[in-house]
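Before any comments, here is the structure.
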Amino acid sequence: MSNFFAEMNKIQEQVHILDQMLNDLTFKVLQNAKPATPAVKPQVMPEYDLDIALTMYADHLVRDYYRWDKSGVDLRAESKFEIDYNRGRKFLKVVAKHYGSKSVHGFICVKAHDQWKVGDILKAASWAQPAKNFARGNVLDPSSYANHKWTGA
């Protein structure tokens with residue numbers, strides 16, 4: 001019976017390695033892919049898709065972290081890097097969890113007010129406040145994620 005479990009562990013390790021290789025290869029292909037059609041500005045998602053856009057933004061940041069992390073071991077199951085959202089009245093706080101420590105990545109506007117539109121991404125001025133000088137992008141527009149790294153907006 002112990003042979004069976006040893007074999008299962010070996011197979012799981014091999015599947016994990018193949019999965020990592022497939023993810024790396026997919027990223028390389030996507031980075032080198034050229035658009036088949038002339039450059040067309042991608043459509044911005046409607047406001048009611050904010051939940052989908054937030055998931056896409058978090059996935060972008062996590063993928064950027066694993067592109068940077070060259071340890072060769074994908075520990076996504078152990079949650080080396082995660083993104084959480086804390087909701088306030090006007091903004092969502094984007095909290096990055098890295099090896100158990102938390103930091104504010106940025107803020108996302110959830111209610112149109114002043115000069116801000118729904119989905120605007122703002123840099124963090126402190127743990128509790130966004131820098132209100134200008135928006136760094138909008139989560140409803142995935143093309144604006146290009147300049148956002150896992151380290152901050």
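Lettering and numbering for the structure tokens are positional, with chains as A, B, ... in the shown order, residues counted from 1 in each chain, and ligands counted from 1 in the shown order.
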* Where in region 88-132 of chain A does DSSP assign strand (DSSP E or B), given as a list of chain:residue names? ->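 So the strand (DSSP E or B) residues in region 88-132 of chain A would be A:Phe91, A:Leu92, A:Lys93, A:Val94, A:Val95, A:Ala96, A:Lys97, A:His98, A:Ser101, A:Lys102, A:Ser103, A:Val104, A:His105, A:Gly106, A:Phe107, A:Ile108, A:Cys109, A:His113, A:Trp116, A:Asp120, A:Ile121, A:Leu122, A:Ala124, A:Pro130.
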* Asked: Could you name the residues that touch region 129-145 of chain A at 12 Å or less, counting only C-alpha atoms, but leaving out those on the same chain fewer than 6 positions away, as a VMD selection string?
  -> chain A and resid 40 to 61 63 to 64 88 90 to 94 104 to 110 113 to 123 152 to 153
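For the pair CA of Tyr99 (chain A) and CA of Asn9 (chain A), the separation is 25.3 Å.
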* Go ahead and compute the interatomic distance for CA of Asn147 (chain A) and CA of Lys102 (chain A), in Å to one decimal. =>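 Atom-to-atom, CA of Asn147 (chain A) to CA of Lys102 (chain A), that is 21.6 Å.
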* Can you tell me how far CA of Lys97 (chain A) sits from CA of Ile83 (chain A), in Å to one decimal? ->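 Computed distance, CA of Lys97 (chain A) to CA of Ile83 (chain A), equals 6.2 Å.
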